[in-house]
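The structure file start18.cif is reproduced below (mmCIF, C-alpha atoms).
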data_target
loop_
_atom_site.label_atom_id
_atom_site.label_comp_id
_atom_site.auth_asym_id
_atom_site.auth_seq_id
_atom_site.Cartn_x
_atom_site.Cartn_y
_atom_site.Cartn_z
CA MET A 7 0.00 0.00 0.00
CA ILE A 8 1.38 3.37 -1.01
CA MET A 9 0.94 6.24 1.40
CA LYS A 10 -0.19 9.64 0.27
CA CYS A 11 2.22 12.54 0.73
CA THR A 12 -0.18 14.40 3.06
CA LEU A 13 -0.28 11.45 5.41
CA VAL A 14 3.47 11.02 5.23
CA ASP A 15 3.90 14.68 6.11
CA HIS A 16 1.92 14.07 9.29
CA LEU A 17 3.89 10.98 10.16
CA ILE A 18 7.43 12.23 9.60
CA ASP A 19 7.84 13.64 13.11
CA GLU A 20 6.51 10.48 14.71
CA PHE A 21 8.87 8.51 12.51
CA ILE A 22 11.82 10.60 13.69
CA ASP A 23 10.66 10.15 17.30
CA GLY A 24 10.60 6.40 16.70
CA CYS A 25 6.92 6.18 17.57
CA CYS A 26 5.73 4.42 14.41
CA ASP A 27 5.11 0.69 14.40
CA ALA A 28 6.95 -1.66 12.09
CA THR A 29 4.30 -1.63 9.35
CA VAL A 30 4.08 2.17 9.15
CA THR A 31 7.85 2.44 9.32
CA SER A 32 8.32 0.15 6.33
CA GLN A 33 5.60 1.99 4.38
CA LEU A 34 7.25 5.33 5.13
CA LYS A 35 10.64 4.05 4.03
CA GLU A 36 9.08 2.72 0.88
CA HIS A 37 7.48 6.11 0.25
CA PHE A 38 10.73 7.99 0.86
CA ASP A 39 12.43 5.78 -1.70
CA SER A 40 9.91 6.73 -4.34
CA CYS A 41 9.05 10.36 -3.45
CA ILE A 42 11.81 12.95 -3.58
CA THR A 43 9.70 15.73 -2.05
CA CYS A 44 8.86 13.74 1.07
CA SER A 45 12.35 12.36 1.24
CA ASP A 46 13.76 15.91 1.22
CA GLU A 47 11.24 16.99 3.84
CA TYR A 48 12.25 14.08 6.02
CA ALA A 49 15.94 14.92 5.61
CA SER A 50 15.26 18.56 6.41
CA ARG A 51 13.31 17.78 9.57
CA LEU A 52 15.91 15.27 10.65
CA GLN A 53 18.57 17.91 10.24
CA ILE A 54 16.60 20.44 12.30
CA ARG A 55 15.93 17.89 14.99
CA SER A 56 19.55 16.89 15.09
CA ALA A 57 20.62 20.52 15.33
CA MET A 58 18.13 21.13 18.13
CA ARG A 59 19.14 18.05 20.05
CA SER A 60 22.78 18.97 19.89
CA PHE A 61 22.20 22.63 20.53
CA PRO A 62 25.42 23.70 22.15
CA VAL A 63 25.49 25.04 25.66
CA SER A 64 28.67 26.58 26.86
CA TYR A 65 30.16 25.17 29.99
CA LYS A 66 31.14 27.12 33.00
CA THR A 67 34.42 26.72 34.76
CA ASP A 68 34.56 25.37 38.28
CA ALA A 69 35.44 28.82 39.53
CA GLN A 70 32.34 30.30 37.87
CA TRP A 71 30.19 27.59 39.41
CA ARG A 72 31.71 28.21 42.81
CA VAL A 73 30.77 31.87 42.59
CA ILE A 74 27.18 30.98 41.69
CA GLU A 75 27.02 28.39 44.46
CA TYR A 76 28.39 30.88 46.99
CA GLN A 77 25.77 33.43 45.99
CA ILE A 78 22.98 30.89 46.24
CA LEU A 79 24.09 29.64 49.65
CA ASN A 80 24.36 33.22 50.86
CA GLU A 81 20.89 33.91 49.62
CA ILE A 82 19.29 30.89 51.24
CA GLU A 83 21.03 31.72 54.50
CA SER A 84 18.36 34.31 55.08
CA ILE A 85 15.55 32.00 54.06
CA ALA A 86 14.17 29.69 56.66
CA PRO A 87 13.11 26.38 55.16
CA ALA A 88 9.44 26.47 54.34
CA SER A 89 8.75 23.61 56.74
CA LYS A 90 9.97 25.66 59.66
CA THR A 91 8.00 28.79 59.00
CA VAL A 92 4.33 29.20 58.53
CA PRO A 93 3.67 32.37 56.63
CA PHE A 94 1.00 34.31 58.45
CA LYS A 95 -0.57 35.63 55.29
CA LYS A 96 -1.02 32.17 53.90
CA HIS A 97 -3.28 31.18 56.78
CA PHE A 98 -4.85 34.45 57.73
CA THR A 99 -7.32 35.44 55.09
CA SER A 100 -10.19 37.87 55.09
CA THR A 101 -12.59 35.05 55.99
CA THR A 102 -10.63 33.96 59.04
CA PRO A 103 -12.65 36.04 61.59
CA LEU A 104 -15.85 34.54 60.21
CA ARG A 105 -14.45 31.04 60.51
CA VAL A 106 -13.37 31.67 64.12
CA ALA A 107 -16.81 33.05 64.96
CA ALA A 108 -18.48 30.01 63.40
CA VAL A 109 -16.35 27.63 65.44
CA LEU A 110 -17.07 29.55 68.66
CA LEU A 111 -20.83 29.49 67.99
CA LEU A 112 -20.70 25.79 67.30
CA PHE A 113 -18.85 25.20 70.54
CA LEU A 114 -21.40 27.33 72.42
CA PHE A 115 -24.37 25.40 71.08
CA ALA A 116 -22.73 22.08 71.70
CA SER A 117 -22.04 22.94 75.33
CA ILE A 118 -25.63 23.95 76.18
CA PRO A 119 -26.81 20.47 77.30
CA PHE A 120 -23.73 20.02 79.41
CA VAL A 121 -24.09 23.39 81.12
CA TYR A 122 -27.79 22.72 81.70
CA TYR A 123 -27.05 19.41 83.33
CA ARG A 124 -24.41 20.91 85.58
CA LEU A 125 -26.66 23.76 86.72
CA HIS A 126 -29.60 21.45 87.27
CA HIS A 127 -27.53 19.13 89.35
CA TYR A 128 -26.16 22.01 91.40
CA GLU A 129 -29.64 23.34 92.13
CA LYS A 130 -30.63 19.98 93.56
CA GLY A 131 -28.01 20.42 96.22
CA GLY A 132 -25.61 17.93 94.86
CA ALA A 133 -22.01 18.63 94.39
CA LEU A 134 -20.92 19.54 90.97
CA ALA A 135 -20.22 16.48 88.95
CA SER A 136 -16.59 15.86 89.07
CA ALA A 137 -14.02 13.89 87.30
CA PRO A 138 -13.05 10.49 88.69
CA GLN A 139 -11.62 11.19 92.07
CA VAL A 140 -9.78 9.45 94.80
CA ILE A 141 -11.09 9.89 98.28
CA SER A 142 -8.15 9.37 100.50
CA LEU A 143 -8.86 8.43 104.08
CA GLU A 144 -5.75 8.62 106.09
CA GLY A 145 -5.06 8.96 109.73
CA LYS A 146 -5.09 7.21 112.96
CA VAL A 147 -7.34 4.28 113.73
CA GLU A 148 -8.98 3.80 117.10
CA LEU A 149 -10.52 0.81 118.77
CA ASN A 150 -14.26 0.51 118.97
CA GLY A 151 -14.67 2.04 115.69
CA VAL A 152 -12.71 3.37 112.85
CA ILE A 153 -11.99 6.99 112.86
CA PHE A 154 -10.38 8.35 109.82
CA SER A 155 -9.21 11.83 109.72
CA ASP A 156 -10.41 13.00 106.39
CA ASN A 157 -10.41 16.29 104.66
CA ASN A 158 -13.20 15.40 102.33
CA ARG A 159 -16.39 13.47 102.88
CA LEU A 160 -15.88 10.70 105.36
CA PRO A 161 -14.34 12.09 108.49
CA GLU A 162 -15.36 9.15 110.55
CA VAL A 163 -16.01 5.56 109.71
CA LYS A 164 -17.27 3.17 112.34
CA VAL A 165 -17.83 -0.54 112.46
CA ASP A 166 -20.73 -1.60 110.26
CA GLU A 167 -20.44 1.61 108.35
CA VAL A 168 -20.45 1.34 104.61
CA ILE A 169 -18.07 3.25 102.45
CA SER A 170 -19.41 3.60 98.97
CA THR A 171 -18.01 5.08 95.86
CA SER A 172 -19.85 6.53 92.98
CA THR A 173 -19.33 5.58 89.39
CA LYS A 174 -15.87 6.21 88.13
CA SER A 175 -14.54 7.32 91.48
CA SER A 176 -12.55 5.42 93.98
CA ALA A 177 -11.79 5.54 97.68
CA VAL A 178 -8.57 4.74 99.35
CA ILE A 179 -8.60 3.64 102.95
CA LYS A 180 -5.24 3.76 104.52
CA ALA A 181 -5.70 1.39 107.41
CA ASP A 182 -2.27 1.71 108.87
CA SER A 183 1.13 2.79 107.75
CA GLY A 184 1.81 -0.42 105.89
CA SER A 185 -1.43 -1.13 104.06
CA HIS A 186 -4.21 0.54 102.25
CA ILE A 187 -7.46 -0.49 100.60
CA THR A 188 -8.74 0.92 97.38
CA ILE A 189 -12.35 0.71 96.37
CA LYS A 190 -12.78 1.34 92.76
CA GLU A 191 -15.74 2.38 90.72
CA LYS A 192 -19.20 1.65 92.04
CA SER A 193 -18.72 -0.58 95.01
CA SER A 194 -19.00 -0.53 98.77
CA ILE A 195 -17.12 -1.90 101.64
CA ARG A 196 -18.39 -2.54 105.12
CA VAL A 197 -16.13 -2.11 108.06
CA LYS A 198 -16.77 -5.40 109.74
CA SER A 199 -14.50 -5.42 112.70
CA PHE A 200 -11.41 -3.83 113.90
CA SER A 201 -8.80 -4.78 116.44
CA ASN A 202 -5.21 -4.13 117.29
CA LYS A 203 -4.04 -7.14 115.35
CA SER A 204 -6.46 -7.42 112.51
CA ARG A 205 -8.95 -5.47 110.60
CA THR A 206 -11.76 -7.12 108.77
CA PHE A 207 -13.56 -5.54 105.90
CA GLU A 208 -16.41 -7.01 104.00
CA LEU A 209 -17.55 -6.23 100.55
CA ASP A 210 -21.21 -5.45 100.23
CA TYR A 211 -21.42 -5.42 96.54
CA GLY A 212 -19.39 -4.60 93.58
CA LYS A 213 -17.24 -6.49 91.22
CA VAL A 214 -13.54 -7.00 91.35
CA ALA A 215 -13.09 -3.55 92.55
CA VAL A 216 -11.27 -3.68 95.81
CA SER A 217 -7.63 -4.18 96.32
CA VAL A 218 -5.84 -4.56 99.56
CA ALA A 219 -2.19 -3.92 99.68
CA LYS A 220 0.19 -4.26 102.56
CA ARG A 221 3.08 -3.24 100.49
CA LYS A 222 3.28 -1.89 97.04
CA ALA A 223 4.40 -5.17 95.55
CA ASP A 224 1.94 -7.28 97.46
CA GLN A 225 -1.65 -6.77 96.41
CA LEU A 226 -4.65 -8.91 97.12
CA PHE A 227 -7.74 -8.73 95.02
CA PHE A 228 -11.03 -10.02 96.19
CA SER A 229 -14.52 -9.88 94.88
CA GLN A 230 -18.03 -9.66 96.16
CA ASP A 231 -18.88 -11.39 99.43
CA GLN A 232 -15.31 -12.15 100.19
CA LYS A 233 -13.76 -11.13 103.41
CA CYS A 234 -10.34 -9.85 103.81
CA SER A 235 -8.23 -9.43 106.87
CA VAL A 236 -5.39 -7.06 106.96
CA MET B 29 11.48 11.42 57.45
CA ASN B 30 10.83 7.71 57.30
CA TYR B 31 7.44 8.45 55.89
CA ILE B 32 8.96 10.45 53.09
CA MET B 33 11.51 7.78 52.45
CA THR B 34 8.81 5.15 52.18
CA LEU B 35 7.02 7.22 49.63
CA SER B 36 10.19 7.87 47.80
CA ASN B 37 11.04 4.32 46.86
CA LYS B 38 9.29 4.45 43.53
CA TYR B 39 10.95 7.54 42.11
CA VAL B 40 13.91 8.41 44.27
CA ASP B 41 16.41 6.17 45.94
CA ASP B 42 16.95 6.40 49.67
CA ASN B 43 20.28 8.21 49.49
CA GLU B 44 18.85 10.83 47.22
CA MET B 45 15.80 11.24 49.40
CA GLN B 46 17.89 11.56 52.53
CA LYS B 47 19.89 14.27 50.84
CA ILE B 48 16.72 16.08 49.79
CA THR B 49 15.25 15.74 53.27
CA ARG B 50 18.39 17.09 54.90
CA ALA B 51 18.47 19.99 52.47
CA ALA B 52 14.80 20.66 53.17
CA GLN B 53 15.62 20.83 56.86
CA GLY B 54 18.17 23.53 56.21
CA ASP B 55 21.35 21.48 55.81
CA LYS B 56 23.48 23.63 53.54
CA TYR B 57 25.93 20.85 52.76
CA ALA B 58 23.15 18.63 51.50
CA PHE B 59 21.79 21.48 49.41
CA SER B 60 25.26 22.14 48.06
CA GLU B 61 25.43 18.50 46.97
CA LEU B 62 22.11 18.88 45.18
CA PHE B 63 23.36 22.02 43.50
CA ASN B 64 26.47 20.31 42.19
CA GLN B 65 24.47 17.34 41.04
CA TYR B 66 21.94 19.30 39.02
CA LYS B 67 23.64 22.59 38.14
CA VAL B 68 24.54 21.54 34.59
CA MET B 69 21.04 20.30 33.87
CA VAL B 70 19.51 23.51 35.18
CA TYR B 71 21.96 25.69 33.30
CA ARG B 72 21.27 23.80 30.09
CA ILE B 73 17.52 24.36 30.41
CA VAL B 74 18.02 28.02 31.16
CA CYS B 75 20.24 28.41 28.11
CA ARG B 76 17.62 26.71 25.96
CA PHE B 77 15.09 29.31 27.04
CA LEU B 78 17.18 32.40 27.53
CA GLY B 79 20.33 31.78 25.59
CA GLN B 80 23.59 32.44 27.28
CA ALA B 81 22.59 35.93 28.26
CA GLU B 82 23.72 37.76 31.33
CA ASP B 83 20.54 36.95 33.15
CA ALA B 84 21.06 33.21 32.63
CA ASP B 85 23.21 33.08 35.75
CA ASP B 86 20.60 35.02 37.68
CA ALA B 87 17.95 32.59 36.47
CA VAL B 88 20.06 29.63 37.63
CA GLN B 89 20.40 31.24 41.05
CA GLN B 90 16.70 31.94 41.19
CA ILE B 91 15.87 28.37 40.25
CA PHE B 92 17.97 26.95 43.07
CA ILE B 93 16.55 29.43 45.55
CA GLU B 94 13.04 28.46 44.49
CA LEU B 95 14.06 24.84 44.78
CA TYR B 96 15.27 25.40 48.32
CA LYS B 97 12.01 27.06 49.27
CA SER B 98 9.92 24.31 47.80
CA LEU B 99 11.97 21.32 48.97
CA PRO B 100 9.81 20.65 52.05
CA GLY B 101 6.89 20.14 49.67
CA TYR B 102 8.64 17.40 47.75
CA MET B 103 7.19 14.11 48.95
CA GLY B 104 8.79 11.80 46.43
CA ASN B 105 5.61 11.43 44.44
CA SER B 106 7.41 12.20 41.20
CA LYS B 107 10.94 12.16 39.93
CA PHE B 108 13.07 14.82 41.51
CA THR B 109 14.20 15.94 38.06
CA THR B 110 10.57 16.45 37.05
CA TRP B 111 10.15 18.64 40.11
CA LEU B 112 13.29 20.56 39.23
CA TYR B 113 12.36 20.86 35.56
CA ARG B 114 9.05 22.39 36.58
CA ILE B 115 10.78 25.05 38.65
CA ALA B 116 13.39 25.67 35.96
CA VAL B 117 10.78 26.08 33.22
CA ASN B 118 8.65 28.39 35.34
CA VAL B 119 11.56 30.59 36.34
CA SER B 120 12.86 30.68 32.76
CA ILE B 121 9.46 31.78 31.50
CA GLN B 122 9.34 34.45 34.19
CA TYR B 123 12.67 35.75 32.90
CA ILE B 124 11.43 35.76 29.31
CA ARG B 125 8.40 37.79 30.39
CA LYS B 126 10.60 40.10 32.40
CA ARG B 127 12.73 40.73 29.34
CA LYS B 128 9.66 41.57 27.33
CA ARG B 129 8.40 43.88 30.05
CA ASP B 130 11.71 45.64 30.26
CA SER B 131 11.70 45.99 26.49
CA GLU B 132 15.18 44.74 26.45
CA PHE B 133 14.61 42.03 23.99
CA ASP B 134 18.09 40.81 24.14
CA SER B 135 18.07 38.53 21.15
CA LEU B 136 19.57 35.17 21.59
CA ASN B 137 23.06 35.31 20.39
CA PRO B 138 23.58 31.88 18.89
CA GLU B 139 27.30 32.40 18.74
CA SER B 140 27.33 32.77 22.47
CA HIS B 141 25.93 29.27 22.67
CA ILE B 142 29.02 27.93 21.06
CA ASP B 143 31.63 27.05 23.54
CA SER B 144 35.12 28.12 22.63
CA THR B 145 36.34 24.69 23.52
CA GLN B 146 33.86 23.04 21.22
CA ASN B 147 35.20 20.66 18.72
CA ALA B 148 36.66 22.67 15.86
CA SER B 149 35.39 20.17 13.37
CA ALA B 150 31.78 21.01 14.16
CA SER B 151 29.86 21.54 11.01
CA ILE B 152 29.60 25.16 9.98
CA GLU B 153 26.31 24.37 8.34
CA LYS B 154 24.95 22.95 11.54
CA THR B 155 26.13 25.94 13.49
CA GLU B 156 24.40 28.23 11.04
CA LEU B 157 21.23 26.19 11.35
CA GLN B 158 21.45 26.39 15.12
CA LYS B 159 21.73 30.15 14.93
CA GLN B 160 18.59 30.23 12.85
CA ILE B 161 16.84 27.85 15.20
CA ALA B 162 17.69 30.12 18.13
CA VAL B 163 16.22 33.10 16.29
CA ALA B 164 13.14 31.15 15.23
CA LEU B 165 12.59 29.88 18.78
CA GLU B 166 12.43 33.40 20.09
CA GLY B 167 9.57 34.18 17.79
CA ILE B 168 7.49 31.25 18.92
CA HIS B 169 5.01 31.78 21.73
CA GLU B 170 6.32 30.60 25.09
CA ARG B 171 3.60 27.98 25.44
CA LYS B 172 4.68 26.19 22.29
CA ARG B 173 8.33 27.03 22.84
CA THR B 174 8.31 25.34 26.25
CA VAL B 175 7.03 22.09 24.82
CA LEU B 176 9.36 22.32 21.83
CA ILE B 177 12.42 22.89 24.00
CA LEU B 178 11.53 20.16 26.46
CA HIS B 179 10.77 17.60 23.76
CA ASP B 180 13.06 18.32 20.84
CA MET B 181 15.99 19.79 22.71
CA GLU B 182 15.87 18.16 26.13
CA GLY B 183 14.57 14.87 24.81
CA LEU B 184 11.79 14.48 27.37
CA THR B 185 8.78 12.35 26.63
CA MET B 186 5.29 13.78 26.19
CA GLU B 187 4.27 12.22 29.50
CA GLU B 188 7.16 13.85 31.30
CA ILE B 189 6.31 17.21 29.75
CA SER B 190 2.72 16.73 30.79
CA GLY B 191 3.92 16.09 34.34
CA ILE B 192 6.17 19.13 34.34
CA THR B 193 3.78 21.61 32.80
CA GLY B 194 0.60 20.17 34.26
CA LEU B 195 -0.95 20.13 30.80
CA PRO B 196 -3.06 17.27 29.47
CA LEU B 197 -1.19 14.94 27.14
CA GLY B 198 -3.35 15.98 24.19
CA THR B 199 -2.46 19.63 24.73
CA VAL B 200 1.23 18.79 24.87
CA LYS B 201 0.97 16.89 21.59
CA SER B 202 -0.97 19.68 19.97
CA ARG B 203 1.46 22.37 21.10
CA LEU B 204 4.40 20.31 19.93
CA PHE B 205 2.82 19.79 16.53
CA HIS B 206 2.02 23.47 16.06
CA GLY B 207 5.35 24.54 17.53
CA ARG B 208 7.26 22.40 15.07
CA ASP B 209 5.12 23.66 12.24
CA GLU B 210 5.79 27.24 13.22
CA MET B 211 9.48 26.55 13.62
CA ARG B 212 9.69 25.07 10.12
CA SER B 213 7.88 27.95 8.49
CA LYS B 214 10.09 30.48 10.31
CA LEU B 215 13.20 28.63 9.28
CA LYS B 216 12.03 28.48 5.71
CA LYS B 217 11.56 32.25 5.75
CA GLN B 218 14.90 32.88 7.38
CA LEU B 219 16.84 30.54 5.13
CA GLY B 220 15.02 31.77 2.06
#
In C-alpha cells, what does this structure look like?
Amino acid sequence: MIMKCTLVDHLIDEFIDGCCDATVTSQLKEHFDSCITCSDEYASRLQIRSAMRSFPVSYKTDAQWRVIEYQILNEIESIAPASKTVPFKKHFTSTTPLRVAAVLLLFLFASIPFVYYRLHHYEKGGALASAPQVISLEGKVELNGVIFSDNNRLPEVKVDEVISTSTKSSAVIKADSGSHITIKEKSSIRVKSFSNKSRTFELDYGKVAVSVAKRKADQLFFSQDQKCSV
Amino acid sequence: MNYIMTLSNKYVDDNEMQKITRAAQGDKYAFSELFNQYKVMVYRIVCRFLGQAEDADDAVQQIFIELYKSLPGYMGNSKFTTWLYRIAVNVSIQYIRKRKRDSEFDSLNPESHIDSTQNASASIEKTELQKQIAVALEGIHERKRTVLILHDMEGLTMEEISGITGLPLGTVKSRLFHGRDEMRSKLKKQLG
C-alpha cells in the first residue's frame, strides 16, 4: 500500500521520534524511496531535529560555578526552610474572623446540654459532677470504731459503716502505715471489725473492685462477698 | 522522614531522598550536593530558554533558591528531576516575560551558545542552522516554545512534559505539533 504525501507529512515527526510501528515504518521508508519531495522533507526535519538536540550550551568553569554556588548559599542563608515557617498571610485570610466566629458558635451550642445538666444538678443540692476522684482516708485508727481523719467526705467511719463510691470514682482507705485499701468504681465496703491485730472488711457489693495492699508489691484482690483481713 | 523515604522508593532512591530531606531541613551541605548534582542540567535548560545571556546566571540562582524554598513540599511522588524541571521552566518563562516587560529584547546570540572549547570540526552548516533555530525559537510563543524545548531539545517524553507543565497529554501533543510547524515555516523564511 502506497501512502499519500499528506499522510506522510503528518507521520514524519513520529517517525523521527521512533513512535511508528513496524508496518508504518516500512511503508514510510518505501514512500521515501519513491518520493523525492517527502524524502527531502524528512531529511530537512531530521537535520533540524539533530541541530536542536545537539544545541550547544557553553560550559562554565569550576570557579564560575563556585561563585554561583556561593551566591545561592548566601541567599538561602536568610531564608528559613518552608517547613519551619508558617507564613501568616497564607493562613490568615479575610474570611478567618468569620471562621473563628463560626467555630465559637458551634462550641457554644454544643455545650448547652452540658451546662444545663451541671446547673440542674447544682440546684438539687448535689455537688458539681466531678471527674473520677480518689477519696483518700488517712489517719489514725482507734478501737471501737474506725476513725479516719479525712479532709473530704468521710471524716469518721465506724464498724458496720459502709463506704461507697460513685461511678468512676474510687476511695482509698489507709488502714495503717503499711497497708491501704482501694475501692474502685461503684462498690461498697463494710467495716466489719477492727482490732489491734487485725482489721476485717467485707464487701457489700461490687465487682472485682477492691484491692488490699500491705506493700506496694503485694496486692490482694477479692470480689463480692469475700472477706479480707489485713 | 521515614514516611517520606517510604514514599520515595518508587521515584527516588533512599540516598537521594535523605539528601533532599536534609536539604529541606536547612542542611546547607546537602543542598550544596544537590546544587552540584543538578547545576549543569539547570543551566542547560536556562540556556535553551534564555540563551547564554547575562541573566542566565541570575535565572540559575533563582531556580535553586526556588528549589530550596519548595523542597519541604517534595514528597517523592514524582521524579526529583521532574520537580526541578518544573521550577526551571517556570523561572525561565518568568525571565522571558521580564525581558519583554523591560523591552530589552536581548536577542539570543547563537554564537554565544558555542563554547570556545567546542570541537573545531563542528559543522559550519549545523552551526548556522542552530543560529537560525535560536532566532526562530524566540519568535514562537512561550507555550509552544516550552514544549518544543523540552521535547526536541531536552529529549523528554510527552508524559514527562505533561507532568512538568501540568498540561493534558493531548495539549502537549498539539502544542508540539504546532510549535514544530511554526518553527519550520520560520526557518524556511529565514533561510530563504
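With distances taken over all atoms listed in the file, A:Arg59 is the one residue among A:Arg59, A:Arg72, A:Lys66, A:Lys10 lying closest to chain B.
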Requested in this report: Find the residues near Ser106 in chain B: any atom within 9 Å, counting only C-alpha atoms, skip ones fewer than 2 places away on the same chain, and give them as a PyMOL selection string.
Outcome: chain B and resi 36+38-40+102-104+108-111+191
Report task. Could you tell me which residues the PyMOL selection byres ((chain A) within 9 of (chain B)) returns for this structure, as an NGL selection string? Result -> :A and (19 or 51 or 53-66 or 71 or 74-75 or 77-79 or 81-83 or 85-90)
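Note that the spacing between CA of Thr29 in chain A and CA of Ser202 in chain B amounts to 24.4 Å.
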Report task. Identify all residues satisfying the PyMOL selection byres ((chain B and resi 47) around 8) in the given file; provide them as a ChimeraX atom specification. Result -> /B:43-46,48-51,58-59,61-62
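Between CA of Cys11 in chain A and CA of Lys214 in chain B the separation is 21.8 Å.
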Query raised in the report: Taking the file as shown, what set of residues would the PyMOL selection byres ((chain B and resi 169) around 12) give back, as a list in words?
Result: Phe77, Ile121, Ile124, Arg125, Ala164, Leu165, Glu166, Gly167, Ile168, Glu170, Arg171, Lys172, Arg173, Thr174, Val175, Leu176, Ile177, Arg203, Leu204, His206, Gly207, Arg208, Glu210 and Met211 of chain B
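Non-sequential neighbours of Phe21 in chain A (distance at most 10 Å, separation of 2 or more positions within a chain, only C-alpha atoms) are Val14, His16, Leu17, Ile18, Asp19, Asp23, Gly24, Cys25, Cys26, Asp27, Val30, Thr31, Leu34, Lys35, Tyr48 and Leu52 of chain A.
Atom pair CA of Glu47 in chain A / CA of Ile22 in chain A: separated by 11.8 Å.
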